[in-house]
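K.L.:
My structure is stored as coords_34.tsv, with TSV, C-alpha atoms.
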```tsv
chain	number	residue	atom	x	y	z
A	1	MET	CA	-20.39	-16.03	4.28
A	2	SER	CA	-21.92	-12.66	5.20
A	3	TYR	CA	-19.77	-10.77	2.68
A	4	ARG	CA	-20.70	-13.22	-0.07
A	5	LEU	CA	-24.32	-12.38	0.63
A	6	ILE	CA	-23.89	-8.60	0.46
A	7	ARG	CA	-21.23	-8.41	-2.25
A	8	PRO	CA	-23.82	-8.38	-5.07
A	9	LEU	CA	-25.25	-5.20	-3.52
A	10	PHE	CA	-21.85	-3.50	-3.71
A	11	PHE	CA	-21.24	-4.82	-7.22
A	12	ALA	CA	-24.57	-3.37	-8.34
A	13	LEU	CA	-23.10	0.08	-7.68
A	14	ASP	CA	-20.51	1.93	-9.69
A	15	ALA	CA	-17.09	0.96	-8.29
A	16	GLU	CA	-16.29	4.38	-6.85
A	17	ARG	CA	-19.73	4.75	-5.26
A	18	ALA	CA	-19.32	1.32	-3.67
A	19	HIS	CA	-15.91	2.39	-2.38
A	20	HIS	CA	-17.35	5.50	-0.73
A	21	LEU	CA	-20.19	3.45	0.76
A	22	SER	CA	-17.72	1.06	2.38
A	23	ILE	CA	-15.85	4.00	3.90
A	24	LYS	CA	-19.10	5.39	5.28
A	25	MET	CA	-19.95	2.03	6.83
A	26	LEU	CA	-16.54	1.70	8.48
A	27	ARG	CA	-16.80	5.22	9.87
A	28	LEU	CA	-19.77	3.95	11.88
A	29	MET	CA	-17.66	1.21	13.45
A	30	PRO	CA	-16.47	2.02	16.99
A	31	VAL	CA	-12.73	2.43	17.44
A	32	PRO	CA	-11.54	-1.06	18.40
A	33	PRO	CA	-9.26	-1.76	21.37
A	34	ALA	CA	-5.55	-2.00	20.66
A	35	LEU	CA	-4.48	-5.06	18.69
A	36	GLU	CA	-2.33	-7.32	20.85
A	37	PRO	CA	0.94	-8.43	19.20
A	38	ASP	CA	0.93	-12.08	18.17
A	39	SER	CA	4.06	-13.90	19.38
A	40	MET	CA	4.33	-15.78	16.07
A	41	LEU	CA	3.57	-12.85	13.77
A	42	ALA	CA	4.94	-9.77	15.56
A	43	GLN	CA	8.25	-8.29	14.43
A	44	THR	CA	10.15	-5.02	14.36
A	45	VAL	CA	10.72	-3.54	10.90
A	46	ALA	CA	12.48	-0.20	10.34
A	47	GLY	CA	12.36	0.35	14.10
A	48	ILE	CA	8.56	-0.04	14.22
A	49	ALA	CA	6.84	-2.82	16.19
A	50	PHE	CA	4.24	-4.47	13.91
A	51	PRO	CA	1.77	-6.78	15.69
A	52	ASN	CA	1.31	-8.83	12.50
A	53	PRO	CA	2.60	-8.54	8.91
A	54	VAL	CA	-0.65	-7.82	7.04
A	55	GLY	CA	-1.26	-4.16	6.22
A	56	LEU	CA	-3.82	-2.10	4.36
A	57	ALA	CA	-2.25	-0.55	1.27
A	58	ALA	CA	-2.57	3.13	0.41
A	59	GLY	CA	-5.45	4.15	-1.86
A	60	TYR	CA	-8.34	2.81	0.16
A	61	ASP	CA	-8.41	5.44	2.91
A	62	LYS	CA	-7.22	8.45	0.96
A	63	GLU	CA	-8.19	11.03	3.57
A	64	GLY	CA	-7.36	9.37	6.89
A	65	LEU	CA	-10.98	8.69	7.78
A	66	ILE	CA	-10.81	5.08	8.94
A	67	ALA	CA	-7.14	3.99	9.02
A	68	HIS	CA	-7.14	4.26	12.82
A	69	LYS	CA	-9.87	1.57	12.95
A	70	MET	CA	-8.51	-1.01	10.54
A	71	HIS	CA	-6.77	-3.06	13.22
A	72	GLY	CA	-10.30	-4.08	14.20
A	73	LEU	CA	-10.45	-6.01	10.92
A	74	GLY	CA	-7.16	-7.76	11.65
A	75	PHE	CA	-4.68	-5.45	9.95
A	76	GLY	CA	-1.33	-5.05	11.67
A	77	PHE	CA	-0.93	-1.60	10.13
A	78	ALA	CA	-2.71	0.75	7.73
A	79	GLU	CA	-1.33	3.21	5.21
A	80	LEU	CA	-3.49	6.20	4.32
A	81	GLY	CA	-3.26	8.57	1.37
A	82	THR	CA	-1.95	9.45	-1.13
A	83	LEU	CA	-1.99	13.01	0.24
A	84	THR	CA	-0.74	15.99	-1.76
A	85	PRO	CA	0.16	19.46	-0.41
A	86	LEU	CA	-2.88	21.09	-2.04
A	87	PRO	CA	-6.36	19.63	-2.53
A	88	GLN	CA	-7.07	18.21	-5.96
A	89	GLN	CA	-10.07	16.51	-7.52
A	90	GLY	CA	-8.16	13.91	-9.48
A	91	ASN	CA	-9.06	12.66	-12.92
A	92	PRO	CA	-12.55	12.83	-14.48
A	93	LEU	CA	-15.17	10.18	-13.73
A	94	PRO	CA	-15.43	7.27	-14.30
A	95	ARG	CA	-11.96	6.39	-13.03
A	96	LEU	CA	-12.34	3.17	-11.03
A	97	PHE	CA	-13.30	-0.16	-12.65
A	98	ARG	CA	-13.90	-3.67	-11.35
A	99	LEU	CA	-12.72	-6.43	-13.67
A	100	ALA	CA	-14.74	-9.14	-11.95
A	101	GLU	CA	-13.86	-11.85	-14.46
A	102	ASP	CA	-10.19	-11.31	-13.60
A	103	ARG	CA	-10.56	-10.49	-9.89
A	104	ALA	CA	-8.82	-7.22	-10.71
A	105	VAL	CA	-9.24	-3.45	-10.53
A	106	ILE	CA	-8.14	-0.66	-12.86
A	107	ASN	CA	-7.91	2.84	-11.43
A	108	ARG	CA	-6.92	6.20	-12.81
A	109	MET	CA	-7.87	8.20	-9.73
A	110	GLY	CA	-5.10	10.78	-9.99
A	111	PHE	CA	-4.32	11.47	-6.31
A	112	ASN	CA	-7.79	12.84	-5.50
A	113	ASN	CA	-7.68	14.13	-1.93
A	114	GLY	CA	-8.50	17.15	0.23
A	115	GLY	CA	-4.90	18.16	0.81
A	116	GLN	CA	-2.41	17.63	3.60
A	117	ALA	CA	-3.51	20.47	5.88
A	118	ALA	CA	-7.06	19.18	6.26
A	119	ALA	CA	-5.84	15.59	6.67
A	120	ALA	CA	-3.24	16.60	9.26
A	121	GLU	CA	-5.88	18.19	11.46
A	122	ARG	CA	-8.09	15.10	11.18
A	123	ILE	CA	-5.26	12.63	11.84
A	124	ALA	CA	-3.98	14.59	14.84
A	125	LYS	CA	-7.38	14.30	16.53
A	126	ARG	CA	-7.44	10.52	16.05
A	127	ARG	CA	-3.94	9.57	17.10
A	128	ARG	CA	-3.77	7.85	20.48
A	129	PRO	CA	-0.78	6.66	22.53
A	130	GLY	CA	-0.34	2.96	21.85
A	131	GLY	CA	-2.66	3.19	18.84
A	132	PRO	CA	-2.31	1.21	15.62
A	133	VAL	CA	0.65	1.59	13.28
A	134	ILE	CA	-0.27	4.24	10.70
A	135	GLY	CA	1.72	5.07	7.59
A	136	ILE	CA	1.07	8.19	5.53
A	137	ASN	CA	1.61	8.07	1.78
A	138	ILE	CA	2.63	11.39	0.20
A	139	GLY	CA	2.68	12.59	-3.40
A	140	ALA	CA	2.97	15.67	-5.58
A	141	ASN	CA	0.20	17.78	-7.04
A	142	LYS	CA	-0.39	17.21	-10.73
A	143	ASP	CA	0.24	20.85	-11.63
A	144	ALA	CA	3.11	21.45	-9.19
A	145	ALA	CA	5.86	23.65	-10.58
A	146	ASP	CA	8.39	21.72	-8.47
A	147	ARG	CA	7.34	18.19	-7.61
A	148	ILE	CA	10.38	17.52	-5.47
A	149	ALA	CA	9.46	20.53	-3.35
A	150	ASP	CA	5.97	19.02	-2.97
A	151	TYR	CA	7.47	15.87	-1.47
A	152	ALA	CA	9.61	17.90	0.91
A	153	THR	CA	6.47	19.78	1.97
A	154	GLY	CA	4.70	16.47	2.56
A	155	VAL	CA	7.50	15.25	4.80
A	156	THR	CA	7.49	18.44	6.86
A	157	CYS	CA	3.70	18.43	7.24
A	158	MET	CA	3.00	14.73	7.80
A	159	ALA	CA	6.09	13.26	9.50
A	160	PRO	CA	5.05	14.31	13.03
A	161	LEU	CA	1.75	12.43	12.58
A	162	ALA	CA	3.00	9.20	11.02
A	163	ASP	CA	4.66	6.03	12.24
A	164	TYR	CA	6.24	5.97	8.79
A	165	LEU	CA	6.02	8.00	5.57
A	166	THR	CA	5.77	6.52	2.09
A	167	VAL	CA	7.16	8.52	-0.83
A	168	ASN	CA	4.93	7.52	-3.73
A	169	ILE	CA	6.62	8.11	-7.08
A	170	SER	CA	5.10	5.10	-8.80
A	171	SER	CA	1.47	5.96	-9.54
A	172	PRO	CA	0.85	5.79	-13.29
A	173	ASN	CA	-2.03	8.27	-13.06
A	174	THR	CA	-0.07	11.51	-12.63
A	175	PRO	CA	1.70	12.23	-15.94
A	176	GLY	CA	5.48	12.15	-15.62
A	177	LEU	CA	5.52	11.05	-11.97
A	178	ARG	CA	7.27	7.75	-12.64
A	179	GLY	CA	10.11	9.73	-14.19
A	180	LEU	CA	11.22	10.41	-10.60
A	181	GLN	CA	12.34	6.76	-10.50
A	182	ASP	CA	15.21	7.61	-12.89
A	183	ARG	CA	18.52	7.64	-10.99
A	184	ALA	CA	19.41	11.35	-11.28
A	185	ALA	CA	15.89	12.50	-10.41
A	186	LEU	CA	15.63	9.92	-7.63
A	187	ASP	CA	18.88	11.09	-6.04
A	188	GLN	CA	17.61	14.66	-6.06
A	189	LEU	CA	14.23	13.64	-4.65
A	190	LEU	CA	15.54	11.41	-1.87
A	191	GLY	CA	18.15	13.98	-0.92
A	192	ALA	CA	15.40	16.60	-0.51
A	193	VAL	CA	13.12	14.21	1.37
A	194	MET	CA	15.76	13.15	3.88
A	195	ALA	CA	16.85	16.76	4.37
A	196	ALA	CA	13.24	17.76	5.06
A	197	ARG	CA	12.96	14.98	7.62
A	198	GLY	CA	15.85	16.54	9.53
A	199	ALA	CA	15.92	15.64	13.21
A	200	ASN	CA	12.50	14.00	12.98
A	201	ARG	CA	13.35	10.31	12.75
A	202	THR	CA	10.08	9.15	11.20
A	203	PRO	CA	11.05	6.20	8.94
A	204	VAL	CA	10.80	6.93	5.21
A	205	PHE	CA	9.67	4.20	2.80
A	206	LEU	CA	9.83	4.41	-1.00
A	207	LYS	CA	7.08	2.88	-3.17
A	208	VAL	CA	8.10	1.78	-6.66
A	209	ALA	CA	6.38	0.52	-9.78
A	210	PRO	CA	6.44	-3.10	-10.98
A	211	ASP	CA	7.13	-1.92	-14.55
A	212	LEU	CA	10.92	-1.72	-14.21
A	213	GLU	CA	13.88	-2.96	-16.22
A	214	PRO	CA	16.83	-4.72	-14.52
A	215	ALA	CA	18.95	-1.55	-14.71
A	216	ASP	CA	16.13	0.39	-13.00
A	217	VAL	CA	16.09	-2.11	-10.14
A	218	GLU	CA	19.84	-1.75	-9.63
A	219	ASP	CA	19.67	2.06	-9.73
A	220	ILE	CA	16.75	2.29	-7.31
A	221	ALA	CA	18.37	-0.18	-4.93
A	222	ALA	CA	21.61	1.80	-4.94
A	223	ALA	CA	19.80	5.12	-4.38
A	224	CYS	CA	17.87	3.67	-1.43
A	225	ILE	CA	21.11	2.55	0.21
A	226	ASP	CA	22.94	5.78	-0.55
A	227	HIS	CA	20.16	7.91	0.97
A	228	ARG	CA	19.45	5.52	3.86
A	229	ILE	CA	15.81	4.93	3.03
A	230	ASP	CA	14.23	2.77	5.72
A	231	ALA	CA	12.19	0.32	3.58
A	232	LEU	CA	11.06	-0.29	0.01
A	233	ILE	CA	7.46	-1.05	-0.99
A	234	VAL	CA	7.25	-3.35	-4.01
A	235	SER	CA	5.01	-2.53	-5.84
A	236	ASN	CA	2.35	-0.16	-7.11
A	237	THR	CA	-0.11	-0.92	-9.92
A	238	THR	CA	1.02	-1.90	-13.42
A	239	ILE	CA	0.43	-0.26	-16.78
A	240	SER	CA	1.01	-3.61	-18.48
A	241	ARG	CA	-1.96	-5.70	-19.57
A	242	PRO	CA	-1.56	-9.45	-19.20
A	243	SER	CA	-4.26	-11.64	-20.73
A	244	LEU	CA	-7.55	-10.42	-19.26
A	245	GLN	CA	-11.14	-11.58	-19.73
A	246	SER	CA	-13.07	-8.48	-18.71
A	247	PRO	CA	-14.49	-6.14	-21.35
A	248	LEU	CA	-13.06	-3.31	-19.24
A	249	ALA	CA	-9.49	-4.51	-19.80
A	250	GLY	CA	-8.77	-1.66	-22.20
A	251	GLU	CA	-9.47	1.10	-19.67
A	252	ALA	CA	-6.47	3.37	-19.01
A	253	GLY	CA	-4.90	3.37	-15.57
A	254	GLY	CA	-3.08	1.11	-13.16
A	255	LEU	CA	-4.05	-2.56	-12.98
A	256	SER	CA	-4.11	-4.29	-9.58
A	257	GLY	CA	-5.50	-7.52	-8.16
A	258	ALA	CA	-4.91	-11.11	-9.22
A	259	PRO	CA	-3.27	-10.39	-12.63
A	260	LEU	CA	-0.55	-8.33	-10.89
A	261	HIS	CA	0.52	-11.22	-8.65
A	262	ASP	CA	3.27	-12.79	-10.74
A	263	LEU	CA	4.82	-9.49	-11.84
A	264	ALA	CA	4.85	-8.07	-8.30
A	265	LEU	CA	6.37	-11.26	-6.90
A	266	GLN	CA	9.09	-11.25	-9.54
A	267	ARG	CA	9.91	-7.62	-8.87
A	268	LEU	CA	10.18	-8.37	-5.15
A	269	ARG	CA	12.62	-11.17	-5.94
A	270	ASP	CA	14.61	-8.78	-8.13
A	271	PHE	CA	14.94	-6.24	-5.34
A	272	ARG	CA	15.83	-8.94	-2.82
A	273	ARG	CA	18.67	-10.04	-5.11
A	274	ALA	CA	19.82	-6.44	-5.57
A	275	LEU	CA	19.60	-5.48	-1.88
A	276	GLY	CA	20.11	-8.69	0.03
A	277	THR	CA	19.24	-7.99	3.65
A	278	GLN	CA	20.35	-4.35	3.59
A	279	LEU	CA	16.80	-2.98	3.42
A	280	PRO	CA	13.40	-4.30	4.53
A	281	LEU	CA	10.95	-4.99	1.71
A	282	ILE	CA	7.15	-4.75	1.80
A	283	GLY	CA	5.35	-6.94	-0.73
A	284	VAL	CA	2.22	-5.64	-2.45
A	285	GLY	CA	0.28	-6.75	-5.50
A	286	GLY	CA	-2.18	-9.56	-6.14
A	287	ILE	CA	-2.07	-11.07	-2.65
A	288	ALA	CA	-5.41	-12.66	-1.75
A	289	THR	CA	-4.57	-15.83	0.19
A	290	ALA	CA	-2.39	-16.98	3.07
A	291	ASP	CA	-0.35	-19.13	0.67
A	292	GLN	CA	0.40	-16.09	-1.50
A	293	ALA	CA	1.30	-13.97	1.52
A	294	TYR	CA	3.55	-16.74	2.86
A	295	ALA	CA	5.32	-17.05	-0.50
A	296	ARG	CA	5.85	-13.27	-0.63
A	297	ILE	CA	7.40	-13.33	2.84
A	298	ARG	CA	9.65	-16.28	1.98
A	299	ALA	CA	10.70	-14.36	-1.16
A	300	GLY	CA	11.94	-11.45	0.96
A	301	ALA	CA	9.02	-9.34	2.21
A	302	SER	CA	9.03	-8.55	5.91
A	303	LEU	CA	5.47	-7.21	5.58
A	304	ILE	CA	2.72	-7.41	2.98
A	305	GLN	CA	-0.16	-5.11	2.02
A	306	LEU	CA	-3.63	-5.67	0.57
A	307	TYR	CA	-6.25	-3.56	-1.15
A	308	SER	CA	-7.86	-4.88	-4.34
A	309	ALA	CA	-8.41	-8.37	-2.89
A	310	LEU	CA	-10.75	-6.84	-0.30
A	311	VAL	CA	-13.19	-6.03	-3.12
A	312	TYR	CA	-13.59	-9.73	-3.84
A	313	GLU	CA	-12.81	-11.38	-0.48
A	314	GLY	CA	-14.39	-8.99	2.02
A	315	PRO	CA	-13.24	-6.86	4.97
A	316	TYR	CA	-11.98	-9.71	7.20
A	317	LEU	CA	-9.43	-10.99	4.70
A	318	ALA	CA	-6.53	-9.80	6.88
A	319	ARG	CA	-7.72	-11.99	9.77
A	320	ARG	CA	-7.98	-15.03	7.52
A	321	ILE	CA	-4.55	-14.47	6.02
A	322	ASN	CA	-2.94	-14.05	9.44
A	323	ALA	CA	-4.57	-17.27	10.64
A	324	GLY	CA	-3.43	-19.05	7.48
A	325	ILE	CA	0.15	-17.79	7.84
A	326	LYS	CA	0.25	-19.12	11.40
A	327	ALA	CA	-1.00	-22.51	10.22
A	328	LEU	CA	1.71	-22.63	7.56
A	329	MET	CA	4.34	-21.61	10.10
A	330	ALA	CA	3.19	-24.35	12.48
A	331	ARG	CA	3.38	-26.86	9.63
A	332	ASP	CA	6.96	-25.78	8.93
A	333	GLY	CA	8.04	-25.60	12.57
A	334	VAL	CA	8.60	-21.82	12.48
A	335	GLY	CA	8.42	-19.95	15.79
A	336	ASN	CA	8.43	-16.34	14.54
A	337	ILE	CA	7.77	-14.93	11.10
A	338	SER	CA	11.12	-13.13	10.98
A	339	GLU	CA	12.75	-16.57	10.63
A	340	ILE	CA	11.36	-17.10	7.13
A	341	VAL	CA	11.77	-13.64	5.60
A	342	GLY	CA	13.71	-14.19	2.39
A	343	ILE	CA	14.36	-17.87	3.09
A	344	ASP	CA	13.65	-18.73	-0.57
A	345	ALA	CA	15.71	-15.88	-1.98
```
Using structure tokens, write down the structure that the file contains.
P.N.:
Amino acid sequence: MSYRLIRPLFFALDAERAHHLSIKMLRLMPVPPALEPDSMLAQTVAGIAFPNPVGLAAGYDKEGLIAHKMHGLGFGFAELGTLTPLPQQGNPLPRLFRLAEDRAVINRMGFNNGGQAAAAERIAKRRRPGGPVIGINIGANKDAADRIADYATGVTCMAPLADYLTVNISSPNTPGLRGLQDRAALDQLLGAVMAARGANRTPVFLKVAPDLEPADVEDIAAACIDHRIDALIVSNTTISRPSLQSPLAGEAGGLSGAPLHDLALQRLRDFRRALGTQLPLIGVGGIATADQAYARIRAGASLIQLYSALVYEGPYLARRINAGIKALMARDGVGNISEIVGIDA
């Protein structure tokens, strides 16, 4: 109820200004006590103990300012970034748009961030033993002469500070970046990333686009197995444009929120078919309710992530989804969430 009352104030602001205001407000929140694992929702994925399956997707906390507090809102984990080796301003303003009629967002941010060195210093000060699960999403600078080298640099710099790393090659807002999803380029990239990880055993996740053909799914799945990637995040924003009502529908960039739901769910099913149980999957895209989260888990996702839905549903959405998942599990006689991962696949 409280968010419904204040949401018009946020919506009166430009979308990016509202985003920055929400970050400022959360920075004022005290660091919450550790989140206790829930016996029904806790599971181990890629060697990491997650207290519940609902995570904050990358893109909200680009700089690592508030990820260490998000368990206070009910999130079982938070992924910060995308961080690039060097600072960059991203694309020109305006670059973030609410499509309220469609409960969607279009962004063309372009990996705006202050660089990995500054973020590493900040994250190191905030890490605590027994603290929340934090993933760090890494990317390449737009003008990098060697983008694969940028990813290797990101692994070297950020792996010691992360519970897991996400290699983001699926943003549509850095020209040519999605070309790294092609099999030959992906083999080269993943080989360099895993070599840079070396003896540091920080799990490496790969984040892919929803805009893939069947042959792309097969190639990516095979590359992940060949290079022993620890998990696959399905998926990033889409460049497709389903039927939309908002006058902002024609803005360039990646579309997220409710219109992405069906495409992201289908792509998760595709990867589950291609991979079976060989690799954990993380479902992202258009999830705003417990029913949708439950369906994504039954389709093969061990974990799910949210971002755009928070714009419309408020900061405590993770708590509500976790409570709803537990109610659905109780209805179905399920003792632990791991029992239903992929049960509909």
K.L.:
With a distance cut-off of 9 Å and all atoms listed in the file, select the neighbouring residues of Glu63 in chain A, excluding the residue or stretch itself and same-chain residues fewer than 3 positions from it, and output the selection as a list in words.
P.N.:
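Listing them by chain and then by number gives Tyr60, Ile66, Ala67, Leu80, Gly81, Thr82, Leu83, Asn113, Gly114, Gly115, Gln116, Ala118, Ala119, Arg122 and Ile123 of chain A.
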K.L.:
Find the residues with any atom within 10 Å of (13.6, -5.5, -6.8); use only C-alpha atoms and the coordinates as given in the file, and write the answer as a ChimeraX atom specification.
P.N.:
/A:208-210,212-214,216-218,220-221,232-235,264-276,281,300
K.L.:
Could the residues in this selection be saved with C-alpha atoms as a compact mmCIF listing (two decimals), in the coordinates of the input?
P.N.:
```
# COMPACT_ATOMS: atom_id res chain seq x y z
CA VAL A 208 8.10 1.78 -6.66
CA ALA A 209 6.38 0.52 -9.78
CA PRO A 210 6.44 -3.10 -10.98
CA LEU A 212 10.92 -1.72 -14.21
CA GLU A 213 13.88 -2.96 -16.22
CA PRO A 214 16.83 -4.72 -14.52
CA ASP A 216 16.13 0.39 -13.00
CA VAL A 217 16.09 -2.11 -10.14
CA GLU A 218 19.84 -1.75 -9.63
CA ILE A 220 16.75 2.29 -7.31
CA ALA A 221 18.37 -0.18 -4.93
CA LEU A 232 11.06 -0.29 0.01
CA ILE A 233 7.46 -1.05 -0.99
CA VAL A 234 7.25 -3.35 -4.01
CA SER A 235 5.01 -2.53 -5.84
CA ALA A 264 4.85 -8.07 -8.30
CA LEU A 265 6.37 -11.26 -6.90
CA GLN A 266 9.09 -11.25 -9.54
CA ARG A 267 9.91 -7.62 -8.87
CA LEU A 268 10.18 -8.37 -5.15
CA ARG A 269 12.62 -11.17 -5.94
CA ASP A 270 14.61 -8.78 -8.13
CA PHE A 271 14.94 -6.24 -5.34
CA ARG A 272 15.83 -8.94 -2.82
CA ARG A 273 18.67 -10.04 -5.11
CA ALA A 274 19.82 -6.44 -5.57
CA LEU A 275 19.60 -5.48 -1.88
CA GLY A 276 20.11 -8.69 0.03
CA LEU A 281 10.95 -4.99 1.71
CA GLY A 300 11.94 -11.45 0.96
```
K.L.:
Can you pull out the residues contacting range 86-96 of chain A? Cut-off 6 Å, using only C-alpha atoms, and skip same-chain residues under 6 positions away; I want them as a PDB file with C-alpha atoms, keeping the file's coordinate frame.
P.N.:
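See around.pdb below for the written result:
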```pdb
ATOM      1  CA  ALA A  15     -17.090   0.960  -8.290  1.00  0.00           C
ATOM      2  CA  GLU A  16     -16.290   4.380  -6.850  1.00  0.00           C
ATOM      3  CA  ILE A 106      -8.140  -0.660 -12.860  1.00  0.00           C
ATOM      4  CA  ASN A 107      -7.910   2.840 -11.430  1.00  0.00           C
ATOM      5  CA  ARG A 108      -6.920   6.200 -12.810  1.00  0.00           C
ATOM      6  CA  MET A 109      -7.870   8.200  -9.730  1.00  0.00           C
ATOM      7  CA  GLY A 110      -5.100  10.780  -9.990  1.00  0.00           C
ATOM      8  CA  PHE A 111      -4.320  11.470  -6.310  1.00  0.00           C
ATOM      9  CA  ASN A 112      -7.790  12.840  -5.500  1.00  0.00           C
ATOM     10  CA  ASN A 113      -7.680  14.130  -1.930  1.00  0.00           C
ATOM     11  CA  GLY A 114      -8.500  17.150   0.230  1.00  0.00           C
ATOM     12  CA  GLY A 115      -4.900  18.160   0.810  1.00  0.00           C
TER      13      GLY A 115
END
```
K.L.:
With distances taken over all atoms listed in the file, which of A:Ala120, A:Ala231, A:Ala222, A:Ala288 is nearest to Gly47 in chain A?
P.N.:
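Nearest to Gly47 in chain A: A:Ala231.
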K.L.:
A:Ile304, A:His68, A:Pro8, A:Val341: which is nearest Arg128 in chain A, counting all atoms listed in the file?
P.N.:
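The closest residue to Arg128 in chain A is A:His68.
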K.L.:
A:Cys157, A:Arg331, A:Arg103, A:Gly135: which is nearest Leu260 in chain A, counting all atoms listed in the file?
P.N.:
A:Arg103
K.L.:
Give as a ChimeraX atom specification every residue, naming chains and numbers as the document does, that has an atom within 8 Å of (-8.1, -12.3, -4.2), counting all atoms listed in the file.
P.N.:
/A:103,257-258,286-289,308-310,312-313
K.L.:
How far is it from CA of Ala293 in chain A to CA of Ile325 in chain A, in Å with one decimal?
P.N.:
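Computing the Euclidean distance for CA of Ala293 in chain A and CA of Ile325 in chain A yields 7.5 Å.
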K.L.:
Tell me which protein, DNA and RNA residues are within 12 Å of Arg4 in chain A, counting all atoms listed in the file, leaving out same-chain ones fewer than 2 positions away, and put them as a tab-separated table (two decimals) with C-alpha atoms, in the frame of the given file.
P.N.:
```tsv
chain	number	residue	atom	x	y	z
A	1	MET	CA	-20.39	-16.03	4.28
A	2	SER	CA	-21.92	-12.66	5.20
A	6	ILE	CA	-23.89	-8.60	0.46
A	7	ARG	CA	-21.23	-8.41	-2.25
A	8	PRO	CA	-23.82	-8.38	-5.07
A	9	LEU	CA	-25.25	-5.20	-3.52
A	10	PHE	CA	-21.85	-3.50	-3.71
A	11	PHE	CA	-21.24	-4.82	-7.22
A	310	LEU	CA	-10.75	-6.84	-0.30
A	311	VAL	CA	-13.19	-6.03	-3.12
A	312	TYR	CA	-13.59	-9.73	-3.84
A	313	GLU	CA	-12.81	-11.38	-0.48
A	314	GLY	CA	-14.39	-8.99	2.02
A	315	PRO	CA	-13.24	-6.86	4.97
A	316	TYR	CA	-11.98	-9.71	7.20
```
K.L.:
Considering all atoms listed in the file, can you say which of A:Asp291, A:Met40, A:Arg319, A:Thr166 comes closest to Val334 in chain A?
P.N.:
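Smallest separation from Val334 in chain A among the options: A:Met40.
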K.L.:
Would you compute the distance between CA of His20 in chain A and CA of Asp61 in chain A? Give it in Å to one decimal.
P.N.:
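Straight-line distance from CA of His20 in chain A to CA of Asp61 in chain A works out to 9.7 Å.
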K.L.:
Give the answer as one residue: which of A:Gly250, A:Gly74, A:Pro203, A:Pro53 has the shortest atom-to-atom distance to Ala318 in chain A, using only C-alpha atoms?
P.N.:
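Looking at the shortest contact to Ala318 in chain A, the residue is A:Gly74.
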K.L.:
Distance CA of Pro85 in chain A-CA of Arg27 in chain A, one decimal place?
P.N.:
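According to the coordinates, CA of Pro85 in chain A and CA of Arg27 in chain A are separated by 24.4 Å.
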K.L.:
Just the residues within 12 Å of Thr44 in chain A, please, counting all atoms listed in the file, with nothing from its chain fewer than 3 positions along; format it as a PyMOL selection string.
P.N.:
chain A and resi 37+39+41+47-53+76+133+280+302-303+336-338
K.L.:
Could you write out as lines of an AutoDock Vina configuration file the box around range 89-107 of chain A (axis-aligned, all atoms listed in the file, 5 Å on each side), with centre and edge lengths in Å to one decimal?
P.N.:
```
center_x = -11.7
center_y = 2.3
center_z = -11.0
size_x = 17.5
size_y = 38.4
size_z = 17.0
```
K.L.:
So, with all atoms listed in the file as the atoms that count, which of A:Asn141, A:Ser243, A:Thr202, A:Ser22 lies closest to Ala46 in chain A?
P.N.:
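Of the candidates, the smallest distance to Ala46 in chain A is held by A:Thr202.
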K.L.:
Could you write range 142-158 of chain A of the block just shown to a file containing C-alpha atoms, as a short mmCIF file (atom, residue, chain, number, x, y, z; two decimals), in the first residue's frame?
P.N.:
```cif
data_model
loop_
_atom_site.label_atom_id
_atom_site.label_comp_id
_atom_site.auth_asym_id
_atom_site.auth_seq_id
_atom_site.Cartn_x
_atom_site.Cartn_y
_atom_site.Cartn_z
CA LYS A 142 32.64 0.20 -25.78
CA ASP A 143 35.89 1.38 -27.36
CA ALA A 144 38.07 -1.53 -26.21
CA ALA A 145 40.60 -2.66 -28.79
CA ASP A 146 40.29 -6.22 -27.45
CA ARG A 147 36.99 -6.98 -25.77
CA ILE A 148 38.00 -10.48 -24.78
CA ALA A 149 40.97 -9.03 -22.92
CA ASP A 150 38.54 -6.70 -21.12
CA TYR A 151 36.61 -9.70 -19.81
CA ALA A 152 39.81 -11.38 -18.66
CA THR A 153 40.73 -8.16 -16.84
CA GLY A 154 37.31 -8.12 -15.20
CA VAL A 155 37.77 -11.67 -13.94
CA THR A 156 41.19 -10.91 -12.49
CA CYS A 157 40.00 -7.71 -10.79
CA MET A 158 36.59 -8.76 -9.49
#
```
